[in-house]
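Trainee: Handing over input37.cif, mmCIF, C-alpha atoms.
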data_input
loop_
_atom_site.group_PDB
_atom_site.id
_atom_site.type_symbol
_atom_site.label_atom_id
_atom_site.label_comp_id
_atom_site.auth_asym_id
_atom_site.auth_seq_id
_atom_site.Cartn_x
_atom_site.Cartn_y
_atom_site.Cartn_z
ATOM 1 C CA MET C 1 -34.089 -3.612 9.081
ATOM 2 C CA ASN C 2 -32.418 -0.745 7.268
ATOM 3 C CA VAL C 3 -28.641 -0.533 6.957
ATOM 4 C CA ILE C 4 -26.291 1.551 4.848
ATOM 5 C CA VAL C 5 -24.138 -0.617 2.630
ATOM 6 C CA ASN C 6 -21.488 1.100 0.514
ATOM 7 C CA GLY C 7 -23.276 4.386 0.973
ATOM 8 C CA GLU C 8 -26.713 3.112 -0.051
ATOM 9 C CA HIS C 9 -29.715 2.521 2.184
ATOM 10 C CA VAL C 10 -30.652 -1.128 1.930
ATOM 11 C CA GLU C 11 -33.606 -2.978 3.428
ATOM 12 C CA ILE C 12 -32.536 -6.390 4.676
ATOM 13 C CA PRO C 13 -34.656 -9.249 6.047
ATOM 14 C CA LYS C 14 -34.914 -9.839 9.798
ATOM 15 C CA ASN C 15 -33.079 -13.168 9.664
ATOM 16 C CA VAL C 16 -29.882 -11.326 8.746
ATOM 17 C CA ALA C 17 -28.384 -11.120 12.219
ATOM 18 C CA THR C 18 -24.647 -11.094 11.651
ATOM 19 C CA VAL C 19 -22.102 -9.874 9.099
ATOM 20 C CA SER C 20 -21.777 -13.489 7.897
ATOM 21 C CA ASN C 21 -25.542 -13.568 7.254
ATOM 22 C CA LEU C 22 -25.298 -10.264 5.426
ATOM 23 C CA LEU C 23 -22.611 -11.611 3.093
ATOM 24 C CA GLN C 24 -24.756 -14.688 2.428
ATOM 25 C CA HIS C 25 -27.731 -12.417 1.746
ATOM 26 C CA PHE C 26 -25.767 -10.565 -0.949
ATOM 27 C CA GLU C 27 -24.277 -13.871 -2.222
ATOM 28 C CA LEU C 28 -20.791 -12.685 -1.363
ATOM 29 C CA ASP C 29 -19.861 -15.392 1.150
ATOM 30 C CA GLN C 30 -17.695 -17.284 -1.369
ATOM 31 C CA LYS C 31 -15.880 -14.169 -2.541
ATOM 32 C CA VAL C 32 -12.769 -12.464 -1.275
ATOM 33 C CA VAL C 33 -14.339 -9.443 0.414
ATOM 34 C CA ILE C 34 -13.404 -7.274 3.341
ATOM 35 C CA VAL C 35 -16.014 -5.739 5.616
ATOM 36 C CA GLU C 36 -15.835 -2.515 7.556
ATOM 37 C CA TRP C 37 -18.600 -2.315 10.130
ATOM 38 C CA ASN C 38 -19.324 1.109 11.642
ATOM 39 C CA ALA C 39 -15.773 2.215 10.789
ATOM 40 C CA THR C 40 -14.246 -0.926 12.335
ATOM 41 C CA ILE C 41 -12.360 -3.155 9.916
ATOM 42 C CA LEU C 42 -13.298 -6.780 10.567
ATOM 43 C CA GLU C 43 -11.074 -9.801 10.305
ATOM 44 C CA LYS C 44 -12.764 -12.734 8.613
ATOM 45 C CA ALA C 45 -12.991 -14.518 11.949
ATOM 46 C CA ASP C 46 -15.112 -11.653 13.320
ATOM 47 C CA HIS C 47 -17.838 -11.919 10.664
ATOM 48 C CA GLN C 48 -19.708 -14.645 12.502
ATOM 49 C CA GLU C 49 -20.057 -12.823 15.797
ATOM 50 C CA THR C 50 -20.483 -9.247 14.597
ATOM 51 C CA ARG C 51 -24.172 -8.426 14.887
ATOM 52 C CA VAL C 52 -25.911 -6.246 12.346
ATOM 53 C CA SER C 53 -28.356 -3.657 13.712
ATOM 54 C CA ASP C 54 -30.652 -1.067 12.230
ATOM 55 C CA GLY C 55 -28.744 1.976 10.958
ATOM 56 C CA ASP C 56 -25.338 0.266 10.780
ATOM 57 C CA ARG C 57 -22.918 1.636 8.224
ATOM 58 C CA ILE C 58 -21.231 -1.194 6.380
ATOM 59 C CA GLU C 59 -18.582 -1.050 3.700
ATOM 60 C CA ILE C 60 -17.905 -4.112 1.592
ATOM 61 C CA VAL C 61 -14.730 -3.845 -0.457
ATOM 62 C CA HIS C 62 -12.789 -6.202 -2.666
ATOM 63 C CA PHE C 63 -9.638 -6.328 -4.762
ATOM 64 C CA VAL C 64 -9.644 -4.989 -8.290
ATOM 65 C CA GLY C 65 -6.927 -4.722 -10.914
ATOM 66 C CA GLY C 66 -4.432 -1.938 -10.342
ATOM 67 C CA GLY C 67 -0.774 -1.067 -10.551
ATOM 68 C CA MET A 1 20.918 -13.557 -6.658
ATOM 69 C CA VAL A 2 17.465 -13.115 -5.234
ATOM 70 C CA LEU A 3 15.477 -10.011 -4.441
ATOM 71 C CA LYS A 4 14.820 -9.668 -0.717
ATOM 72 C CA ILE A 5 12.091 -7.336 0.522
ATOM 73 C CA GLY A 6 11.608 -7.541 4.279
ATOM 74 C CA LYS A 7 10.864 -11.178 5.079
ATOM 75 C CA TYR A 8 10.126 -12.041 1.435
ATOM 76 C CA GLN A 9 12.449 -13.445 -1.225
ATOM 77 C CA PHE A 10 11.845 -13.468 -4.949
ATOM 78 C CA ASN A 11 13.659 -14.939 -7.917
ATOM 79 C CA SER A 12 11.948 -12.570 -10.333
ATOM 80 C CA ARG A 13 12.735 -8.857 -10.251
ATOM 81 C CA LEU A 14 9.580 -7.910 -12.122
ATOM 82 C CA LEU A 15 6.584 -6.796 -10.079
ATOM 83 C CA LEU A 16 3.485 -6.660 -12.239
ATOM 84 C CA GLY A 17 0.326 -4.598 -11.976
ATOM 85 C CA THR A 18 -3.090 -6.037 -12.753
ATOM 86 C CA GLY A 19 -4.931 -2.996 -14.101
ATOM 87 C CA LYS A 20 -6.437 -2.345 -17.514
ATOM 88 C CA TYR A 21 -5.866 -5.620 -19.358
ATOM 89 C CA PRO A 22 -8.186 -6.235 -22.328
ATOM 90 C CA ASN A 23 -9.651 -9.256 -20.486
ATOM 91 C CA PHE A 24 -8.857 -11.709 -17.693
ATOM 92 C CA ASP A 25 -7.575 -14.419 -20.062
ATOM 93 C CA VAL A 26 -4.994 -12.111 -21.619
ATOM 94 C CA GLN A 27 -4.081 -10.945 -18.141
ATOM 95 C CA LYS A 28 -3.563 -14.472 -16.878
ATOM 96 C CA GLU A 29 -1.368 -15.356 -19.829
ATOM 97 C CA ALA A 30 0.652 -12.153 -19.482
ATOM 98 C CA VAL A 31 1.143 -12.794 -15.768
ATOM 99 C CA ASP A 32 2.218 -16.386 -16.531
ATOM 100 C CA VAL A 33 4.824 -15.524 -19.156
ATOM 101 C CA SER A 34 6.168 -12.584 -17.136
ATOM 102 C CA GLU A 35 7.169 -15.113 -14.447
ATOM 103 C CA THR A 36 6.475 -12.433 -11.872
ATOM 104 C CA GLU A 37 6.044 -13.485 -8.261
ATOM 105 C CA VAL A 38 4.478 -10.232 -7.030
ATOM 106 C CA LEU A 39 1.151 -8.843 -8.222
ATOM 107 C CA THR A 40 -0.179 -5.410 -7.391
ATOM 108 C CA PHE A 41 -3.846 -4.484 -7.261
ATOM 109 C CA SER A 42 -6.228 -2.012 -5.653
ATOM 110 C CA VAL A 43 -8.970 -2.016 -3.038
ATOM 111 C CA ARG A 44 -12.384 -0.744 -4.087
ATOM 112 C CA ARG A 45 -16.008 -0.773 -2.987
ATOM 113 C CA MET A 46 -17.845 -3.781 -4.263
ATOM 114 C CA ASN A 47 -20.974 -3.552 -6.363
ATOM 115 C CA ILE A 48 -23.160 -5.522 -3.967
ATOM 116 C CA PHE A 49 -26.021 -5.736 -6.416
ATOM 117 C CA GLU A 50 -23.891 -7.599 -8.944
ATOM 118 C CA PRO A 51 -22.283 -10.369 -6.899
ATOM 119 C CA SER A 52 -21.651 -12.519 -9.963
ATOM 120 C CA GLN A 53 -19.286 -10.054 -11.636
ATOM 121 C CA PRO A 54 -16.017 -11.853 -12.277
ATOM 122 C CA ASN A 55 -12.994 -10.825 -10.273
ATOM 123 C CA PHE A 56 -9.437 -10.994 -11.556
ATOM 124 C CA LEU A 57 -8.329 -12.940 -8.505
ATOM 125 C CA GLU A 58 -10.544 -15.864 -9.438
ATOM 126 C CA LYS A 59 -8.646 -16.419 -12.694
ATOM 127 C CA LEU A 60 -5.261 -16.477 -11.017
ATOM 128 C CA ASP A 61 -3.798 -19.077 -8.716
ATOM 129 C CA VAL A 62 -3.410 -16.556 -5.893
ATOM 130 C CA GLU A 63 -1.393 -18.984 -3.780
ATOM 131 C CA LYS A 64 1.431 -18.768 -6.311
ATOM 132 C CA TYR A 65 1.927 -15.037 -5.816
ATOM 133 C CA THR A 66 2.843 -12.581 -3.127
ATOM 134 C CA LEU A 67 0.143 -9.941 -3.202
ATOM 135 C CA LEU A 68 1.068 -6.283 -3.071
ATOM 136 C CA PRO A 69 -2.094 -4.196 -2.705
ATOM 137 C CA ASN A 70 -1.734 -0.474 -3.275
ATOM 138 C CA THR A 71 -3.401 2.422 -1.515
ATOM 139 C CA ALA A 72 -4.355 4.074 -4.813
ATOM 140 C CA GLY A 73 -7.269 6.428 -4.358
ATOM 141 C CA ALA A 74 -5.828 7.818 -1.130
ATOM 142 C CA GLN A 75 -5.009 11.513 -1.005
ATOM 143 C CA THR A 76 -4.097 11.599 2.670
ATOM 144 C CA ALA A 77 -2.057 9.423 5.011
ATOM 145 C CA LYS A 78 -5.232 8.595 6.932
ATOM 146 C CA GLU A 79 -6.970 7.273 3.816
ATOM 147 C CA ALA A 80 -3.897 5.275 2.824
ATOM 148 C CA VAL A 81 -3.687 3.655 6.262
ATOM 149 C CA ARG A 82 -7.355 2.696 6.106
ATOM 150 C CA ILE A 83 -6.990 1.107 2.665
ATOM 151 C CA ALA A 84 -3.886 -0.773 3.813
ATOM 152 C CA LYS A 85 -5.720 -2.133 6.845
ATOM 153 C CA LEU A 86 -8.680 -3.178 4.703
ATOM 154 C CA ALA A 87 -6.322 -5.061 2.391
ATOM 155 C CA LYS A 88 -4.597 -6.782 5.300
ATOM 156 C CA ALA A 89 -7.918 -7.835 6.813
ATOM 157 C CA SER A 90 -8.381 -10.114 3.791
ATOM 158 C CA GLY A 91 -5.794 -12.319 5.445
ATOM 159 C CA LEU A 92 -4.046 -12.657 2.073
ATOM 160 C CA CYS A 93 -1.209 -10.160 2.423
ATOM 161 C CA ASP A 94 0.801 -7.920 4.707
ATOM 162 C CA MET A 95 2.789 -6.050 2.062
ATOM 163 C CA ILE A 96 1.533 -2.655 1.038
ATOM 164 C CA LYS A 97 2.435 -0.257 -1.741
ATOM 165 C CA VAL A 98 1.913 3.153 -0.163
ATOM 166 C CA GLU A 99 0.528 5.385 -2.891
ATOM 167 C CA VAL A 100 -0.771 8.775 -1.797
ATOM 168 C CA ILE A 101 -1.487 10.911 -4.820
ATOM 169 C CA GLY A 102 -1.125 14.655 -4.362
ATOM 170 C CA CYS A 103 -2.079 15.866 -7.827
ATOM 171 C CA GLN A 104 -4.725 14.366 -10.078
ATOM 172 C CA LYS A 105 -3.181 15.675 -13.284
ATOM 173 C CA THR A 106 0.359 14.398 -12.820
ATOM 174 C CA LEU A 107 -0.507 11.617 -10.334
ATOM 175 C CA LEU A 108 2.650 12.539 -8.473
ATOM 176 C CA PRO A 109 2.829 11.340 -4.878
ATOM 177 C CA ASP A 110 2.330 13.690 -1.927
ATOM 178 C CA PRO A 111 5.675 13.416 -0.115
ATOM 179 C CA VAL A 112 4.447 14.534 3.319
ATOM 180 C CA GLU A 113 1.436 12.222 3.373
ATOM 181 C CA THR A 114 3.489 9.344 1.942
ATOM 182 C CA LEU A 115 5.988 9.736 4.768
ATOM 183 C CA LYS A 116 3.236 9.883 7.409
ATOM 184 C CA ALA A 117 1.381 6.877 6.014
ATOM 185 C CA SER A 118 4.586 4.831 5.772
ATOM 186 C CA GLU A 119 5.500 5.600 9.370
ATOM 187 C CA GLU A 120 2.076 4.574 10.635
ATOM 188 C CA LEU A 121 1.991 1.360 8.596
ATOM 189 C CA LEU A 122 5.475 0.365 9.740
ATOM 190 C CA LYS A 123 4.263 0.720 13.339
ATOM 191 C CA GLU A 124 1.348 -1.556 12.465
ATOM 192 C CA GLY A 125 3.739 -4.236 11.254
ATOM 193 C CA PHE A 126 3.202 -3.995 7.513
ATOM 194 C CA THR A 127 5.906 -4.664 4.946
ATOM 195 C CA VAL A 128 5.986 -1.167 3.500
ATOM 196 C CA LEU A 129 6.946 -0.221 -0.060
ATOM 197 C CA PRO A 130 6.271 3.474 -0.696
ATOM 198 C CA TYR A 131 5.788 4.833 -4.187
ATOM 199 C CA THR A 132 7.765 8.056 -4.204
ATOM 200 C CA SER A 133 9.053 10.690 -6.593
ATOM 201 C CA ASP A 134 12.702 10.793 -7.648
ATOM 202 C CA ASP A 135 13.528 13.042 -4.690
ATOM 203 C CA VAL A 136 16.794 11.738 -3.267
ATOM 204 C CA LEU A 137 16.369 13.036 0.270
ATOM 205 C CA LEU A 138 12.800 11.822 0.532
ATOM 206 C CA ALA A 139 13.967 8.353 -0.478
ATOM 207 C CA LYS A 140 16.566 8.560 2.298
ATOM 208 C CA ARG A 141 13.965 9.661 4.843
ATOM 209 C CA LEU A 142 11.669 6.784 3.877
ATOM 210 C CA GLU A 143 14.522 4.340 4.307
ATOM 211 C CA GLU A 144 15.389 5.820 7.709
ATOM 212 C CA LEU A 145 11.798 5.276 8.815
ATOM 213 C CA GLY A 146 12.312 1.578 8.166
ATOM 214 C CA CYS A 147 10.579 1.094 4.814
ATOM 215 C CA HIS A 148 11.387 -2.313 3.345
ATOM 216 C CA ALA A 149 11.918 -0.992 -0.186
ATOM 217 C CA ILE A 150 11.828 2.367 -1.927
ATOM 218 C CA MET A 151 9.873 2.729 -5.142
ATOM 219 C CA PRO A 152 10.786 5.880 -7.062
ATOM 220 C CA GLY A 153 8.852 6.622 -10.226
ATOM 221 C CA ALA A 154 10.744 6.712 -13.515
ATOM 222 C CA SER A 155 8.206 9.244 -14.837
ATOM 223 C CA PRO A 156 4.492 9.905 -14.180
ATOM 224 C CA ILE A 157 2.201 6.881 -13.764
ATOM 225 C CA GLY A 158 1.016 5.438 -17.053
ATOM 226 C CA SER A 159 2.950 8.022 -19.092
ATOM 227 C CA GLY A 160 5.384 5.565 -20.640
ATOM 228 C CA GLN A 161 8.041 8.264 -20.760
ATOM 229 C CA GLY A 162 10.747 6.056 -19.316
ATOM 230 C CA ILE A 163 13.432 7.328 -16.950
ATOM 231 C CA ILE A 164 13.324 11.104 -17.134
ATOM 232 C CA ASN A 165 15.753 11.828 -14.297
ATOM 233 C CA PRO A 166 18.471 9.175 -14.440
ATOM 234 C CA LEU A 167 20.805 11.270 -12.310
ATOM 235 C CA ASN A 168 18.458 11.399 -9.308
ATOM 236 C CA LEU A 169 17.549 7.772 -9.787
ATOM 237 C CA SER A 170 21.227 6.808 -9.708
ATOM 238 C CA PHE A 171 21.717 8.818 -6.493
ATOM 239 C CA ILE A 172 18.753 7.016 -4.918
ATOM 240 C CA ILE A 173 20.118 3.626 -5.954
ATOM 241 C CA GLU A 174 23.637 4.431 -4.737
ATOM 242 C CA GLN A 175 22.595 5.599 -1.282
ATOM 243 C CA ALA A 176 19.983 2.933 -0.580
ATOM 244 C CA ASN A 177 20.519 0.044 1.807
ATOM 245 C CA VAL A 178 17.107 -1.421 1.008
ATOM 246 C CA PRO A 179 15.887 -2.552 -2.421
ATOM 247 C CA VAL A 180 15.021 0.158 -4.937
ATOM 248 C CA ILE A 181 12.147 -0.797 -7.215
ATOM 249 C CA VAL A 182 11.601 1.541 -10.140
ATOM 250 C CA ASP A 183 7.859 2.032 -10.233
ATOM 251 C CA ALA A 184 5.751 3.876 -12.796
ATOM 252 C CA GLY A 185 6.508 5.474 -16.121
ATOM 253 C CA ILE A 186 8.245 2.533 -17.794
ATOM 254 C CA GLY A 187 7.204 2.385 -21.459
ATOM 255 C CA THR A 188 9.491 -0.061 -23.215
ATOM 256 C CA PRO A 189 11.674 -3.063 -22.441
ATOM 257 C CA SER A 190 14.739 -0.862 -22.931
ATOM 258 C CA ASP A 191 13.452 1.515 -20.203
ATOM 259 C CA ALA A 192 13.242 -1.439 -17.834
ATOM 260 C CA ALA A 193 16.663 -2.715 -18.896
ATOM 261 C CA ILE A 194 18.236 0.710 -18.302
ATOM 262 C CA ALA A 195 16.731 0.861 -14.805
ATOM 263 C CA MET A 196 18.224 -2.535 -14.039
ATOM 264 C CA GLU A 197 21.606 -1.676 -15.593
ATOM 265 C CA MET A 198 21.698 1.351 -13.309
ATOM 266 C CA GLY A 199 21.498 -1.023 -10.377
ATOM 267 C CA ALA A 200 17.817 -0.956 -9.498
ATOM 268 C CA ASP A 201 16.765 -4.088 -7.618
ATOM 269 C CA GLY A 202 13.524 -4.477 -9.506
ATOM 270 C CA VAL A 203 10.908 -2.868 -11.701
ATOM 271 C CA LEU A 204 7.194 -2.506 -11.079
ATOM 272 C CA LEU A 205 5.110 -1.855 -14.163
ATOM 273 C CA ASN A 206 1.570 -2.217 -15.381
ATOM 274 C CA THR A 207 0.394 -0.094 -18.313
ATOM 275 C CA ALA A 208 3.508 -0.861 -20.390
ATOM 276 C CA VAL A 209 2.261 -4.461 -20.505
ATOM 277 C CA SER A 210 -1.514 -4.195 -20.144
ATOM 278 C CA GLY A 211 -1.745 -1.358 -22.673
ATOM 279 C CA ALA A 212 0.585 -2.918 -25.265
ATOM 280 C CA LYS A 213 -0.893 -4.122 -28.554
ATOM 281 C CA ASP A 214 0.097 -7.646 -27.503
ATOM 282 C CA PRO A 215 0.273 -7.685 -23.686
ATOM 283 C CA VAL A 216 1.453 -11.296 -23.525
ATOM 284 C CA LYS A 217 4.393 -10.656 -25.849
ATOM 285 C CA MET A 218 5.259 -7.459 -23.971
ATOM 286 C CA ALA A 219 5.167 -9.314 -20.649
ATOM 287 C CA LYS A 220 7.782 -11.707 -22.019
ATOM 288 C CA ALA A 221 9.835 -8.810 -23.412
ATOM 289 C CA MET A 222 9.823 -7.083 -20.010
ATOM 290 C CA LYS A 223 10.864 -10.252 -18.230
ATOM 291 C CA LEU A 224 13.816 -10.705 -20.595
ATOM 292 C CA ALA A 225 14.780 -7.012 -20.461
ATOM 293 C CA ILE A 226 14.826 -7.019 -16.666
ATOM 294 C CA GLU A 227 16.910 -10.191 -16.598
ATOM 295 C CA ALA A 228 19.299 -8.798 -19.210
ATOM 296 C CA GLY A 229 19.603 -5.465 -17.425
ATOM 297 C CA ARG A 230 20.332 -7.165 -14.123
ATOM 298 C CA LEU A 231 22.949 -9.469 -15.651
ATOM 299 C CA GLY A 232 24.563 -6.450 -17.313
ATOM 300 C CA PHE A 233 24.688 -4.619 -13.999
ATOM 301 C CA GLU A 234 26.210 -7.594 -12.212
ATOM 302 C CA ALA A 235 28.717 -8.164 -15.036
ATOM 303 C CA GLY A 236 29.906 -4.548 -14.803
ATOM 304 C CA ARG A 237 29.969 -2.373 -17.887
ATOM 305 C CA ILE A 238 33.179 -1.157 -19.559
ATOM 306 C CA PRO A 239 34.140 2.444 -18.972
ATOM 307 C CA LYS A 240 33.234 4.901 -21.710
ATOM 308 C CA LYS A 241 36.230 6.239 -23.658
ATOM 309 C CA ARG A 242 36.496 9.275 -25.852
ATOM 310 C CA TYR A 243 38.391 7.486 -28.676
ATOM 311 C CA ALA A 244 38.294 4.058 -30.254
ATOM 312 C CA THR A 245 40.125 1.032 -28.908
ATOM 313 C CA ALA A 246 40.676 -1.765 -31.421
ATOM 314 C CA SER A 247 39.100 -5.112 -30.569
ATOM 315 C CA SER A 248 41.374 -7.005 -32.962
ATOM 316 C CA PRO A 249 45.044 -7.542 -32.069
ATOM 317 C CA VAL A 250 47.594 -5.159 -33.551
ATOM 318 C CA GLU A 251 50.381 -7.787 -33.630
ATOM 319 C CA GLY A 252 50.991 -9.608 -36.924
ATOM 320 C CA MET A 253 49.365 -6.896 -39.023
ATOM 321 C CA SER A 254 52.179 -7.065 -41.680
ATOM 322 C CA LEU A 255 51.083 -10.610 -42.630
ATOM 323 C CA VAL A 256 47.826 -9.318 -44.067
#
Translate this file's structure into structure tokens.
Mentor:
Amino acid sequence: MNVIVNGEHVEIPKNVATVSNLLQHFELDQKVVIVEWNATILEKADHQETRVSDGDRIEIVHFVGGG
Amino acid sequence: MVLKIGKYQFNSRLLLGTGKYPNFDVQKEAVDVSETEVLTFSVRRMNIFEPSQPNFLEKLDVEKYTLLPNTAGAQTAKEAVRIAKLAKASGLCDMIKVEVIGCQKTLLPDPVETLKASEELLKEGFTVLPYTSDDVLLAKRLEELGCHAIMPGASPIGSGQGIINPLNLSFIIEQANVPVIVDAGIGTPSDAAIAMEMGADGVLLNTAVSGAKDPVKMAKAMKLAIEAGRLGFEAGRIPKKRYATASSPVEGMSLV
């Protein structure tokens, strides 16, 4: 399956079915990250049930130092 | 006296940024000695191919702080609202520093977009703290919208020029019924102290500490300056006089 993550085309394995799986795939499941899925900002509780499909546009953002 | 911003209460009047420290250990120590209770930070795309890169949040005991994400990077109200919503979706915070930059050279805020973004975010239930210029009427308009604090810049972001328009800043402080946090442009502890002596409710700074030769020492200096400035404001300064007034008594002078 091919999805666009942070503007880049990424090939992900078939067993990645949900946003939670996707975060595990990128080893980000223990990090403070926020996911925007096809322009919809997801609450953490939505990660489990949001299904990832071919062509989805996903943004994964986090907090960085700033003033 | 505590600082109240919306539903939050703080004992410290220093809000500290988390950008540009030499390393996370220095940052942690600076944050500790500053005794700040509010940390600002930004929202950015993650490098998904480097999941192990350390993040500043991991070094800090996040539970101890109220987090104040900013919308830095936004040039329009729409972008600012999106960044604010992303930050809130972390479940860690509902305060937002509205920062909509209108000019990349001066990093001065776009007043129209700042107003629009603040209005939208207030409707969404955020605790809204807009970074604004020293425009007195704009500060008033932001307050009338319902903003929980007003954050006028002392001078351009990261410039360290201190308070370049004390007159406007004093007008903003005088008219405000919500806290005024002087944000951006502070260079030295005396800049911060002057802001507090003028009656500001708090100071938000970053580069003045993170860019100092010794950030930890500067963090302490800022903490003390802000406390001193606040105490001075509360104590009430003496009026300025044109001529001298002797401090020593004039009675009994012939005995000398």
Trainee: To one decimal place in Å, what is the distance between CA of Ala184 in chain A and CA of Lys28 in chain A?
Mentor: 21.0 Å
Trainee: With a distance threshold of 7 Å and counting only C-alpha atoms, extract the residues of chain C near chain A and express them as a count of residues only.
Mentor: 17
Trainee: What residues come out when you apply the PyMOL selection byres ((chain A and resi 139) around 12) to this file, written as a PyMOL selection string?
Mentor: chain A and resi 111-112+114-115+118+129-138+140-153+168-181
Trainee: Could you please take those selected residues and save C-alpha atoms as a short mmCIF file (atom, residue, chain, number, x, y, z; two decimals), keeping the file's coordinate frame?
Mentor:
data_model
loop_
_atom_site.label_atom_id
_atom_site.label_comp_id
_atom_site.auth_asym_id
_atom_site.auth_seq_id
_atom_site.Cartn_x
_atom_site.Cartn_y
_atom_site.Cartn_z
CA PRO A 111 5.68 13.42 -0.12
CA VAL A 112 4.45 14.53 3.32
CA THR A 114 3.49 9.34 1.94
CA LEU A 115 5.99 9.74 4.77
CA SER A 118 4.59 4.83 5.77
CA LEU A 129 6.95 -0.22 -0.06
CA PRO A 130 6.27 3.47 -0.70
CA TYR A 131 5.79 4.83 -4.19
CA THR A 132 7.76 8.06 -4.20
CA SER A 133 9.05 10.69 -6.59
CA ASP A 134 12.70 10.79 -7.65
CA ASP A 135 13.53 13.04 -4.69
CA VAL A 136 16.79 11.74 -3.27
CA LEU A 137 16.37 13.04 0.27
CA LEU A 138 12.80 11.82 0.53
CA LYS A 140 16.57 8.56 2.30
CA ARG A 141 13.96 9.66 4.84
CA LEU A 142 11.67 6.78 3.88
CA GLU A 143 14.52 4.34 4.31
CA GLU A 144 15.39 5.82 7.71
CA LEU A 145 11.80 5.28 8.82
CA GLY A 146 12.31 1.58 8.17
CA CYS A 147 10.58 1.09 4.81
CA HIS A 148 11.39 -2.31 3.34
CA ALA A 149 11.92 -0.99 -0.19
CA ILE A 150 11.83 2.37 -1.93
CA MET A 151 9.87 2.73 -5.14
CA PRO A 152 10.79 5.88 -7.06
CA GLY A 153 8.85 6.62 -10.23
CA ASN A 168 18.46 11.40 -9.31
CA LEU A 169 17.55 7.77 -9.79
CA SER A 170 21.23 6.81 -9.71
CA PHE A 171 21.72 8.82 -6.49
CA ILE A 172 18.75 7.02 -4.92
CA ILE A 173 20.12 3.63 -5.95
CA GLU A 174 23.64 4.43 -4.74
CA GLN A 175 22.60 5.60 -1.28
CA ALA A 176 19.98 2.93 -0.58
CA ASN A 177 20.52 0.04 1.81
CA VAL A 178 17.11 -1.42 1.01
CA PRO A 179 15.89 -2.55 -2.42
CA VAL A 180 15.02 0.16 -4.94
CA ILE A 181 12.15 -0.80 -7.22
#
Trainee: As a check of understanding, name the residues that the PyMOL selection byres ((chain C and resi 45-50) around 9) selects in the supplied structure, as a PyMOL selection string.
Mentor: chain C and resi 17-21+23+35+37+42-44+51-52
Trainee: Run through the PyMOL selection byres ((chain A and resi 186-198) around 8) on the given coordinates and return the selected residues as an mmCIF file with C-alpha atoms, in the frame of the given file.
Mentor:
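Output file selection34.cif follows:
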data_model
loop_
_atom_site.group_PDB
_atom_site.id
_atom_site.type_symbol
_atom_site.label_atom_id
_atom_site.label_comp_id
_atom_site.auth_asym_id
_atom_site.auth_seq_id
_atom_site.Cartn_x
_atom_site.Cartn_y
_atom_site.Cartn_z
ATOM 1 C CA ALA A 154 10.744 6.712 -13.515
ATOM 2 C CA SER A 155 8.206 9.244 -14.837
ATOM 3 C CA GLY A 158 1.016 5.438 -17.053
ATOM 4 C CA SER A 159 2.950 8.022 -19.092
ATOM 5 C CA GLY A 160 5.384 5.565 -20.640
ATOM 6 C CA GLN A 161 8.041 8.264 -20.760
ATOM 7 C CA GLY A 162 10.747 6.056 -19.316
ATOM 8 C CA ILE A 163 13.432 7.328 -16.950
ATOM 9 C CA SER A 170 21.227 6.808 -9.708
ATOM 10 C CA ILE A 173 20.118 3.626 -5.954
ATOM 11 C CA VAL A 182 11.601 1.541 -10.140
ATOM 12 C CA ASP A 183 7.859 2.032 -10.233
ATOM 13 C CA ALA A 184 5.751 3.876 -12.796
ATOM 14 C CA GLY A 185 6.508 5.474 -16.121
ATOM 15 C CA GLY A 199 21.498 -1.023 -10.377
ATOM 16 C CA ALA A 200 17.817 -0.956 -9.498
ATOM 17 C CA ASP A 201 16.765 -4.088 -7.618
ATOM 18 C CA GLY A 202 13.524 -4.477 -9.506
ATOM 19 C CA VAL A 203 10.908 -2.868 -11.701
ATOM 20 C CA LEU A 205 5.110 -1.855 -14.163
ATOM 21 C CA THR A 207 0.394 -0.094 -18.313
ATOM 22 C CA ALA A 208 3.508 -0.861 -20.390
ATOM 23 C CA MET A 218 5.259 -7.459 -23.971
ATOM 24 C CA ALA A 221 9.835 -8.810 -23.412
ATOM 25 C CA MET A 222 9.823 -7.083 -20.010
ATOM 26 C CA ALA A 225 14.780 -7.012 -20.461
ATOM 27 C CA ILE A 226 14.826 -7.019 -16.666
ATOM 28 C CA GLU A 227 16.910 -10.191 -16.598
ATOM 29 C CA ALA A 228 19.299 -8.798 -19.210
ATOM 30 C CA GLY A 229 19.603 -5.465 -17.425
ATOM 31 C CA ARG A 230 20.332 -7.165 -14.123
ATOM 32 C CA LEU A 231 22.949 -9.469 -15.651
ATOM 33 C CA GLY A 232 24.563 -6.450 -17.313
ATOM 34 C CA PHE A 233 24.688 -4.619 -13.999
#
Trainee: Report, in Å to a single decimal, how far apart CA of Pro156 in chain A and CA of Glu79 in chain A are.
Mentor: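 According to the coordinates, CA of Glu79 in chain A and CA of Pro156 in chain A are separated by 21.5 Å.
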Trainee: By how many Å are CA of Gly125 in chain A and CA of Lys31 in chain C apart?
Mentor: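 Taking CA of Gly125 in chain A as the start and CA of Lys31 in chain C as the end point, the length is 26.0 Å.
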Trainee: Excluding Glu35 in chain A and its own-chain neighbours fewer than 2 positions away, which residues fall within 8 Å of it when counting only C-alpha atoms? Please give them as a PyMOL selection string.
Mentor: chain A and resi 12+14+31-33+37+223
Trainee: I'd like the neighbourhood of Ile58 in chain C as a PyMOL selection string, where a residue qualifies if any of its atoms comes within 9 Å (using only C-alpha atoms), though same-chain residues fewer than 6 positions away should be ignored.
Mentor: chain C and resi 3-7+35-39
Trainee: Please list as number ranges by chain every residue within 10 Å of Leu121 in chain A, counting all atoms listed in the file and excluding residues in the same chain fewer than 5 positions away.
Mentor: A: 77, 80-82, 84-85, 95-96, 98, 116, 126-128, 147
Trainee: Centre and edge lengths of an axis-aligned box around all listed atoms of range 15-22 of chain C, with 3 Å added on each side, are to be given in Å to one decimal, as JSON.
Mentor:
{"center_x": -27.4, "center_y": -11.7, "center_z": 8.8, "size_x": 17.3, "size_y": 9.7, "size_z": 12.8}
